[in-house]
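Source file start04.pdb; content: PDB, C-alpha atoms.
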```pdb
ATOM      1  CA  MET A  41      23.592  90.907 135.920
ATOM      2  CA  THR A  42      20.694  92.650 137.670
ATOM      3  CA  VAL A  43      17.811  93.684 135.440
ATOM      4  CA  ALA A  44      16.381  97.137 136.017
ATOM      5  CA  SER A  45      13.436  97.223 138.422
ATOM      6  CA  SER A  46       9.841  97.378 137.168
ATOM      7  CA  ARG A  47       8.757 100.761 135.922
ATOM      8  CA  LYS A  48       5.528 102.367 134.826
ATOM      9  CA  PRO A  49       5.127 103.127 131.131
ATOM     10  CA  SER A  50       5.775 106.702 130.131
ATOM     11  CA  ALA A  51       2.764 108.941 129.685
ATOM     12  CA  GLY A  52       3.655 109.319 126.013
ATOM     13  CA  ASP A  53       3.636 105.602 125.254
ATOM     14  CA  ASP A  54       1.187 105.449 122.354
ATOM     15  CA  ARG A  55       1.882 101.854 121.293
ATOM     16  CA  PRO A  56      -1.161  99.601 120.907
ATOM     17  CA  PRO A  57      -2.250  97.944 124.168
ATOM     18  CA  GLY A  58      -1.251  94.475 122.994
ATOM     19  CA  GLU A  59       2.297  95.648 122.282
ATOM     20  CA  ARG A  60       2.552  97.415 125.633
ATOM     21  CA  LEU A  61       1.404  94.265 127.394
ATOM     22  CA  LEU A  62       3.929  92.160 125.476
ATOM     23  CA  SER A  63       6.823  94.469 126.341
ATOM     24  CA  ALA A  64       5.783  94.636 129.983
ATOM     25  CA  ALA A  65       5.529  90.848 130.135
ATOM     26  CA  GLU A  66       9.022  90.398 128.674
ATOM     27  CA  GLN A  67      10.435  92.859 131.186
ATOM     28  CA  LEU A  68       8.772  91.167 134.149
ATOM     29  CA  PHE A  69       9.376  87.572 133.079
ATOM     30  CA  GLY A  70      13.054  88.435 132.675
ATOM     31  CA  GLU A  71      13.226  90.289 135.971
ATOM     32  CA  ARG A  72      11.037  88.144 138.229
ATOM     33  CA  SER A  73      10.510  84.848 136.330
ATOM     34  CA  TYR A  74       7.288  83.420 134.952
ATOM     35  CA  ARG A  75       6.178  81.949 138.258
ATOM     36  CA  ARG A  76       6.564  85.192 140.196
ATOM     37  CA  THR A  77       4.791  87.396 137.638
ATOM     38  CA  SER A  78       1.018  87.787 137.572
ATOM     39  CA  VAL A  79      -1.360  89.122 134.947
ATOM     40  CA  ALA A  80      -2.059  92.022 137.306
ATOM     41  CA  ASP A  81       1.689  92.807 137.450
ATOM     42  CA  ILE A  82       1.892  92.859 133.658
ATOM     43  CA  CYS A  83      -1.133  95.133 133.354
ATOM     44  CA  ALA A  84       0.153  97.522 136.024
ATOM     45  CA  THR A  85       3.536  97.816 134.279
ATOM     46  CA  ALA A  86       1.849  98.313 130.904
ATOM     47  CA  GLY A  87      -0.587 100.884 132.357
ATOM     48  CA  ILE A  88      -3.603  98.893 131.192
ATOM     49  CA  ALA A  89      -6.646  97.802 133.183
ATOM     50  CA  THR A  90      -6.462  94.148 134.189
ATOM     51  CA  GLY A  91      -9.844  93.410 132.627
ATOM     52  CA  SER A  92      -8.547  94.591 129.236
ATOM     53  CA  PHE A  93      -5.768  91.989 129.231
ATOM     54  CA  TYR A  94      -8.099  89.253 128.044
ATOM     55  CA  ALA A  95      -9.030  91.172 124.919
ATOM     56  CA  HIS A  96      -5.455  90.507 123.763
ATOM     57  CA  TYR A  97      -4.237  87.311 125.461
ATOM     58  CA  ARG A  98      -6.072  84.314 126.870
ATOM     59  CA  SER A  99      -3.864  83.776 129.910
ATOM     60  CA  LYS A 100      -0.435  84.341 131.431
ATOM     61  CA  ALA A 101       0.756  81.220 129.607
ATOM     62  CA  ASP A 102      -0.511  82.679 126.325
ATOM     63  CA  ILE A 103       1.403  85.935 126.709
ATOM     64  CA  PHE A 104       4.494  84.021 127.849
ATOM     65  CA  ALA A 105       4.389  82.032 124.606
ATOM     66  CA  ALA A 106       3.995  85.292 122.672
ATOM     67  CA  VAL A 107       7.050  86.729 124.434
ATOM     68  CA  VAL A 108       9.194  83.683 123.621
ATOM     69  CA  ARG A 109       8.067  83.729 119.992
ATOM     70  CA  ARG A 110       8.789  87.446 119.694
ATOM     71  CA  ILE A 111      12.283  86.936 121.109
ATOM     72  CA  ASN A 112      12.849  84.234 118.511
ATOM     73  CA  ALA A 113      11.507  86.407 115.686
ATOM     74  CA  ASP A 114      13.586  89.401 116.789
ATOM     75  CA  LEU A 115      16.783  87.344 116.914
ATOM     76  CA  ARG A 116      16.147  85.830 113.485
ATOM     77  CA  ALA A 117      15.333  89.258 112.037
ATOM     78  CA  ALA A 118      18.511  90.801 113.485
ATOM     79  CA  ILE A 119      20.647  87.946 112.178
ATOM     80  CA  GLY A 120      18.985  88.068 108.760
ATOM     81  CA  ALA A 121      19.503  91.819 108.437
ATOM     82  CA  ALA A 122      23.164  91.515 109.442
ATOM     83  CA  MET A 123      23.807  88.711 106.980
ATOM     84  CA  GLU A 124      22.284  90.724 104.142
ATOM     85  CA  GLN A 125      24.961  93.363 104.728
ATOM     86  CA  ALA A 126      27.834  90.887 105.088
ATOM     87  CA  PRO A 127      30.247  89.915 102.291
ATOM     88  CA  ASP A 128      29.126  86.764 100.506
ATOM     89  CA  ASN A 129      31.363  84.191 102.151
ATOM     90  CA  GLN A 130      30.809  81.804 105.031
ATOM     91  CA  ARG A 131      33.286  83.314 107.509
ATOM     92  CA  ALA A 132      31.832  86.791 107.002
ATOM     93  CA  ARG A 133      28.283  85.485 107.381
ATOM     94  CA  GLU A 134      29.234  83.668 110.583
ATOM     95  CA  ARG A 135      30.850  86.813 111.962
ATOM     96  CA  ALA A 136      27.821  88.944 111.105
ATOM     97  CA  SER A 137      25.293  86.476 112.492
ATOM     98  CA  PHE A 138      27.104  85.895 115.790
ATOM     99  CA  ARG A 139      27.681  89.631 116.233
ATOM    100  CA  ALA A 140      23.988  90.350 115.649
ATOM    101  CA  PHE A 141      22.996  87.572 118.054
ATOM    102  CA  PHE A 142      25.368  88.821 120.756
ATOM    103  CA  ASP A 143      24.337  92.453 120.276
ATOM    104  CA  THR A 144      20.679  91.544 120.711
ATOM    105  CA  LEU A 145      21.517  89.733 123.949
ATOM    106  CA  SER A 146      23.504  92.768 125.097
ATOM    107  CA  GLU A 147      20.461  94.976 124.569
ATOM    108  CA  ARG A 148      18.093  92.503 126.277
ATOM    109  CA  PRO A 149      20.285  90.287 128.487
ATOM    110  CA  TRP A 150      17.283  88.735 130.248
ATOM    111  CA  ILE A 151      15.896  87.042 127.141
ATOM    112  CA  ASP A 152      18.099  83.981 127.534
ATOM    113  CA  ARG A 153      16.679  83.490 131.037
ATOM    114  CA  ILE A 154      13.142  83.634 129.674
ATOM    115  CA  VAL A 155      13.933  81.029 127.028
ATOM    116  CA  ARG A 156      15.573  78.713 129.569
ATOM    117  CA  GLU A 157      12.523  78.960 131.810
ATOM    118  CA  SER A 158      10.267  78.053 128.894
ATOM    119  CA  GLU A 159      11.632  74.506 129.029
ATOM    120  CA  PHE A 160       9.772  74.046 132.311
ATOM    121  CA  VAL A 161       6.749  76.238 131.591
ATOM    122  CA  ASP A 162       6.022  74.793 128.135
ATOM    123  CA  PRO A 163       8.492  72.171 126.810
ATOM    124  CA  GLY A 164       6.906  72.234 123.353
ATOM    125  CA  LEU A 165       7.466  75.991 123.121
ATOM    126  CA  PHE A 166      11.097  75.546 124.188
ATOM    127  CA  ARG A 167      11.646  72.965 121.448
ATOM    128  CA  GLU A 168       9.875  75.161 118.880
ATOM    129  CA  TYR A 169      12.159  78.073 119.754
ATOM    130  CA  TYR A 170      15.346  76.135 119.051
ATOM    131  CA  GLU A 171      14.004  74.311 116.022
ATOM    132  CA  ARG A 172      13.151  77.642 114.372
ATOM    133  CA  LEU A 173      16.630  79.014 115.024
ATOM    134  CA  ALA A 174      18.305  75.830 113.858
ATOM    135  CA  ARG A 175      16.298  75.618 110.635
ATOM    136  CA  GLY A 176      17.528  79.047 109.600
ATOM    137  CA  TYR A 177      21.132  78.203 110.471
ATOM    138  CA  ALA A 178      20.910  74.891 108.598
ATOM    139  CA  ARG A 179      19.680  76.653 105.457
ATOM    140  CA  GLY A 180      22.705  78.938 105.632
ATOM    141  CA  VAL A 181      25.060  75.998 106.043
ATOM    142  CA  ARG A 182      23.510  74.216 103.081
ATOM    143  CA  HIS A 183      23.947  77.351 100.983
ATOM    144  CA  ALA A 184      27.643  77.431 101.961
ATOM    145  CA  GLN A 185      28.021  73.736 101.128
ATOM    146  CA  LEU A 186      26.565  74.258  97.663
ATOM    147  CA  ALA A 187      29.019  77.134  97.173
ATOM    148  CA  GLY A 188      31.928  74.879  98.186
ATOM    149  CA  GLU A 189      32.670  76.881 101.344
ATOM    150  CA  VAL A 190      31.786  74.127 103.828
ATOM    151  CA  ASP A 191      32.524  70.401 103.589
ATOM    152  CA  SER A 192      29.388  68.774 102.174
ATOM    153  CA  ASN A 193      29.996  65.661 104.294
ATOM    154  CA  TYR A 194      28.731  67.530 107.351
ATOM    155  CA  ASP A 195      25.053  67.337 108.257
ATOM    156  CA  PRO A 196      23.779  70.969 108.157
ATOM    157  CA  GLU A 197      21.540  70.298 111.144
ATOM    158  CA  VAL A 198      24.511  69.215 113.270
ATOM    159  CA  ILE A 199      26.341  72.434 112.426
ATOM    160  CA  ALA A 200      23.176  74.439 113.075
ATOM    161  CA  TYR A 201      22.902  73.092 116.607
ATOM    162  CA  LEU A 202      26.615  73.712 117.162
ATOM    163  CA  TYR A 203      26.002  77.364 116.257
ATOM    164  CA  THR A 204      22.996  77.442 118.577
ATOM    165  CA  GLY A 205      24.913  76.035 121.533
ATOM    166  CA  ILE A 206      27.915  78.283 121.008
ATOM    167  CA  GLY A 207      25.749  81.373 120.672
ATOM    168  CA  ASN A 208      23.697  80.568 123.758
ATOM    169  CA  PHE A 209      26.545  79.840 126.129
ATOM    170  CA  ILE A 210      28.955  82.527 124.920
ATOM    171  CA  GLY A 211      26.086  85.021 125.048
ATOM    172  CA  MET A 212      25.041  83.891 128.520
ATOM    173  CA  ARG A 213      28.606  84.104 129.858
ATOM    174  CA  TRP A 214      29.390  87.595 128.545
ATOM    175  CA  ALA A 215      26.069  89.314 127.756
ATOM    176  CA  ASP A 216      24.178  88.183 130.860
ATOM    177  CA  TRP A 217      26.715  87.361 133.569
ATOM    178  CA  THR A 218      29.221  90.169 132.948
ATOM    179  CA  ALA A 219      28.892  93.842 133.833
ATOM    180  CA  GLY A 220      28.547  95.842 130.630
ATOM    181  CA  SER A 221      26.612  93.087 128.876
ATOM    182  CA  GLN A 222      28.971  92.956 125.896
ATOM    183  CA  VAL A 223      30.541  89.990 124.155
ATOM    184  CA  PRO A 224      34.070  91.297 123.516
ATOM    185  CA  ALA A 225      35.544  91.312 120.020
ATOM    186  CA  ASP A 226      38.355  88.956 121.041
ATOM    187  CA  VAL A 227      35.815  86.409 122.306
ATOM    188  CA  LEU A 228      34.030  86.505 118.947
ATOM    189  CA  GLU A 229      37.391  86.056 117.198
ATOM    190  CA  ASP A 230      38.101  82.939 119.278
ATOM    191  CA  VAL A 231      34.680  81.545 118.351
ATOM    192  CA  LEU A 232      35.301  82.140 114.651
ATOM    193  CA  ASN A 233      38.809  80.689 114.806
ATOM    194  CA  VAL A 234      37.531  77.502 116.437
ATOM    195  CA  LEU A 235      34.810  77.220 113.787
ATOM    196  CA  GLY A 236      37.303  77.828 111.012
ATOM    197  CA  HIS A 237      40.178  75.685 112.231
ATOM    198  CA  GLY A 238      38.915  73.387 114.973
ATOM    199  CA  LEU A 239      41.341  72.771 117.844
ATOM    200  CA  PRO A 240      44.646  71.782 116.224
ATOM    201  CA  PRO A 241      47.583  70.879 118.471
ATOM    202  CA  GLN A 242      50.028  73.610 119.366
ATOM    203  CA  PRO A 243      52.832  73.569 116.774
ATOM    204  CA  PRO A 244      56.265  72.618 118.131
ATOM    205  CA  ALA A 245      58.402  75.540 119.295
TER     206      ALA A 245
END
```
If you took the structure in this file and wrote it as structure tokens, what would it be?
Amino acid sequence: MTVASSRKPSAGDDRPPGERLLSAAEQLFGERSYRRTSVADICATAGIATGSFYAHYRSKADIFAAVVRRINADLRAAIGAAMEQAPDNQRARERASFRAFFDTLSERPWIDRIVRESEFVDPGLFREYYERLARGYARGVRHAQLAGEVDSNYDPEVIAYLYTGIGNFIGMRWADWTAGSQVPADVLEDVLNVLGHGLPPQPPA
């Protein structure tokens, strides 16, 4: 999918300068990549003088780390809010969390590209990103195990990384690579059915 071209901020953008810089950086890192984006590009898109950048961020690497951490925080917040509204059972929580994850990727389909690039820009940041996601998922799995909804023989961390991998690749395939940027409902149903039932053999006709 092609990300919209760079644009100047609207004249009515009254967000604090640091927030405008962060949003501009996310837009440009997703559109052009980290390597092909400069501090001057970020400042021009944010409508802020280049010299003012360093009052908010130390370097391009610093604002890149802030972008990746904001993506992580936004995803975790969206998933947490969705789960609070979901019925109190594991299948409903899984449905709500995957839907929130996929919807966030649909709104900002470039964020997965930014996270993938972080592995090469700052490997420690890349690892931090996934560890934070997985910790939250593992807590949810442990809660379901204590409630008798998930087999307690499973390691919650293993399941957490399964969720992470499924979410990333399903989201990339449908939210980033497909026109419309939506993960269809039937794709989500297949994901949930595999989680709930595994891959049993086809019953005899």
Exercise. Near stretch 237-240 of chain A, within 12 Å and counting all atoms listed in the file, which residues show up once chain neighbours fewer than 5 positions away are dropped, as a ChimeraX atom specification?
Worked result: /A:131,190,229-232
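For the pair atom CA of A:Asn112 and atom CA of A:Arg148, the separation is 12.5 Å.
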For this session: Give me the result of the PyMOL selection byres ((chain A and resi 225) around 12) on this file, residue by residue, as an MDAnalysis selection string.
Result: chainID A and resid 135 138:139 142:143 214 222:224 226:232
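Using all atoms listed in the file, the nearest neighbour of A:Leu202 within the list A:Tyr74, A:Val234, A:Asp102, A:Asn129 is A:Val234.
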Problem set entry | Explicit residue set for the PyMOL selection byres ((chain A and resi 166) around 12), as JSON, numbers by chain | {"A": [104, 105, 107, 108, 109, 111, 112, 152, 153, 154, 155, 156, 157, 158, 159, 160, 161, 162, 163, 164, 165, 167, 168, 169, 170, 171, 172, 173]}
Take the residues just selected and output them with C-alpha atoms as a PDB file, in the frame of the given file.
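Listed below is the output, part-v4.pdb:
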```pdb
ATOM      1  CA  PHE A 104       4.494  84.021 127.849  1.00  0.00           C
ATOM      2  CA  ALA A 105       4.389  82.032 124.606  1.00  0.00           C
ATOM      3  CA  VAL A 107       7.050  86.729 124.434  1.00  0.00           C
ATOM      4  CA  VAL A 108       9.194  83.683 123.621  1.00  0.00           C
ATOM      5  CA  ARG A 109       8.067  83.729 119.992  1.00  0.00           C
ATOM      6  CA  ILE A 111      12.283  86.936 121.109  1.00  0.00           C
ATOM      7  CA  ASN A 112      12.849  84.234 118.511  1.00  0.00           C
ATOM      8  CA  ASP A 152      18.099  83.981 127.534  1.00  0.00           C
ATOM      9  CA  ARG A 153      16.679  83.490 131.037  1.00  0.00           C
ATOM     10  CA  ILE A 154      13.142  83.634 129.674  1.00  0.00           C
ATOM     11  CA  VAL A 155      13.933  81.029 127.028  1.00  0.00           C
ATOM     12  CA  ARG A 156      15.573  78.713 129.569  1.00  0.00           C
ATOM     13  CA  GLU A 157      12.523  78.960 131.810  1.00  0.00           C
ATOM     14  CA  SER A 158      10.267  78.053 128.894  1.00  0.00           C
ATOM     15  CA  GLU A 159      11.632  74.506 129.029  1.00  0.00           C
ATOM     16  CA  PHE A 160       9.772  74.046 132.311  1.00  0.00           C
ATOM     17  CA  VAL A 161       6.749  76.238 131.591  1.00  0.00           C
ATOM     18  CA  ASP A 162       6.022  74.793 128.135  1.00  0.00           C
ATOM     19  CA  PRO A 163       8.492  72.171 126.810  1.00  0.00           C
ATOM     20  CA  GLY A 164       6.906  72.234 123.353  1.00  0.00           C
ATOM     21  CA  LEU A 165       7.466  75.991 123.121  1.00  0.00           C
ATOM     22  CA  ARG A 167      11.646  72.965 121.448  1.00  0.00           C
ATOM     23  CA  GLU A 168       9.875  75.161 118.880  1.00  0.00           C
ATOM     24  CA  TYR A 169      12.159  78.073 119.754  1.00  0.00           C
ATOM     25  CA  TYR A 170      15.346  76.135 119.051  1.00  0.00           C
ATOM     26  CA  GLU A 171      14.004  74.311 116.022  1.00  0.00           C
ATOM     27  CA  ARG A 172      13.151  77.642 114.372  1.00  0.00           C
ATOM     28  CA  LEU A 173      16.630  79.014 115.024  1.00  0.00           C
TER      29      LEU A 173
END
```
Exercise. Evaluating the PyMOL selection byres ((chain A and resi 123) around 9) on the displayed file yields which residues, as a PyMOL selection string?
Worked result: chain A and resi 118-122+124-128+132-137+140
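With all atoms listed in the file as the atoms that count, the minimum distance from A:Tyr94 to the choices A:Thr144, A:Gly58, A:Ser78, A:Arg116 is reached by A:Gly58.
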Exercise. What separation in Å, quoted to one decimal, exists between atom CA of A:Gly236 and atom CA of A:Gln130?
Worked result: 9.7 Å
Exercise. How far is it from atom CA of A:Trp150 to atom CA of A:Thr90, in Å with one decimal?
Worked result: 24.7 Å
Problem set entry | Minimum-distance residue to A:Ser63, chosen among A:Ala245, A:Ala86, A:Ala178, A:Ile151 (using all atoms listed in the file) | A:Ala86
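Considering the residues A:Ala174, A:Ile82, A:Ala113, A:Met212 and counting all atoms listed in the file, A:Ile199 has its shortest atom-to-atom contact with A:Ala174.
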My structure is short of atoms at stretch 62-85 of chain A; please model N, CA and C atoms there, returning them as an mmCIF file, keeping the file's coordinate frame.
```cif
data_model
loop_
_atom_site.group_PDB
_atom_site.id
_atom_site.type_symbol
_atom_site.label_atom_id
_atom_site.label_comp_id
_atom_site.auth_asym_id
_atom_site.auth_seq_id
_atom_site.Cartn_x
_atom_site.Cartn_y
_atom_site.Cartn_z
ATOM 1 N N LEU A 62 2.869 93.090 125.845
ATOM 2 C CA LEU A 62 3.929 92.160 125.476
ATOM 3 C C LEU A 62 5.278 92.634 125.999
ATOM 4 N N SER A 63 5.558 93.925 125.853
ATOM 5 C CA SER A 63 6.823 94.469 126.341
ATOM 6 C C SER A 63 6.908 94.402 127.859
ATOM 7 N N ALA A 64 5.803 94.718 128.526
ATOM 8 C CA ALA A 64 5.783 94.636 129.983
ATOM 9 C C ALA A 64 5.997 93.200 130.447
ATOM 10 N N ALA A 65 5.369 92.251 129.763
ATOM 11 C CA ALA A 65 5.529 90.848 130.135
ATOM 12 C C ALA A 65 6.976 90.400 129.966
ATOM 13 N N GLU A 66 7.617 90.774 128.861
ATOM 14 C CA GLU A 66 9.022 90.398 128.674
ATOM 15 C C GLU A 66 9.874 90.960 129.795
ATOM 16 N N GLN A 67 9.673 92.220 130.127
ATOM 17 C CA GLN A 67 10.435 92.859 131.186
ATOM 18 C C GLN A 67 10.274 92.101 132.510
ATOM 19 N N LEU A 68 9.037 91.783 132.857
ATOM 20 C CA LEU A 68 8.772 91.167 134.149
ATOM 21 C C LEU A 68 9.176 89.694 134.192
ATOM 22 N N PHE A 69 8.937 88.962 133.104
ATOM 23 C CA PHE A 69 9.376 87.572 133.079
ATOM 24 C C PHE A 69 10.900 87.491 133.209
ATOM 25 N N GLY A 70 11.597 88.421 132.572
ATOM 26 C CA GLY A 70 13.054 88.435 132.675
ATOM 27 C C GLY A 70 13.536 88.849 134.048
ATOM 28 N N GLU A 71 12.822 89.750 134.671
ATOM 29 C CA GLU A 71 13.226 90.289 135.971
ATOM 30 C C GLU A 71 12.831 89.376 137.129
ATOM 31 N N ARG A 72 11.591 88.866 137.078
ATOM 32 C CA ARG A 72 11.037 88.144 138.229
ATOM 33 C C ARG A 72 10.888 86.644 137.991
ATOM 34 N N SER A 73 10.810 86.214 136.761
ATOM 35 C CA SER A 73 10.510 84.848 136.330
ATOM 36 C C SER A 73 9.019 84.734 136.020
ATOM 37 N N TYR A 74 8.685 83.687 135.299
ATOM 38 C CA TYR A 74 7.288 83.420 134.952
ATOM 39 C C TYR A 74 6.460 83.179 136.210
ATOM 40 N N ARG A 75 6.948 82.354 137.079
ATOM 41 C CA ARG A 75 6.178 81.949 138.258
ATOM 42 C C ARG A 75 5.847 83.136 139.160
ATOM 43 N N ARG A 76 6.740 84.090 139.253
ATOM 44 C CA ARG A 76 6.564 85.192 140.196
ATOM 45 C C ARG A 76 5.939 86.424 139.556
ATOM 46 N N THR A 77 5.450 86.293 138.342
ATOM 47 C CA THR A 77 4.791 87.396 137.638
ATOM 48 C C THR A 77 3.317 87.057 137.463
ATOM 49 N N SER A 78 2.458 87.995 137.746
ATOM 50 C CA SER A 78 1.018 87.787 137.572
ATOM 51 C C SER A 78 0.491 88.636 136.425
ATOM 52 N N VAL A 79 -0.703 88.298 135.967
ATOM 53 C CA VAL A 79 -1.360 89.122 134.947
ATOM 54 C C VAL A 79 -1.543 90.538 135.465
ATOM 55 N N ALA A 80 -1.891 90.682 136.727
ATOM 56 C CA ALA A 80 -2.059 92.022 137.306
ATOM 57 C C ALA A 80 -0.751 92.805 137.269
ATOM 58 N N ASP A 81 0.385 92.141 137.525
ATOM 59 C CA ASP A 81 1.689 92.807 137.450
ATOM 60 C C ASP A 81 1.946 93.322 136.037
ATOM 61 N N ILE A 82 1.661 92.481 135.057
ATOM 62 C CA ILE A 82 1.892 92.859 133.658
ATOM 63 C C ILE A 82 1.032 94.067 133.300
ATOM 64 N N CYS A 83 -0.223 94.033 133.684
ATOM 65 C CA CYS A 83 -1.133 95.133 133.354
ATOM 66 C C CYS A 83 -0.710 96.423 134.045
ATOM 67 N N ALA A 84 -0.280 96.327 135.306
ATOM 68 C CA ALA A 84 0.153 97.522 136.024
ATOM 69 C C ALA A 84 1.368 98.144 135.353
ATOM 70 N N THR A 85 2.334 97.305 134.937
ATOM 71 C CA THR A 85 3.536 97.816 134.279
ATOM 72 C C THR A 85 3.207 98.414 132.917
#
```
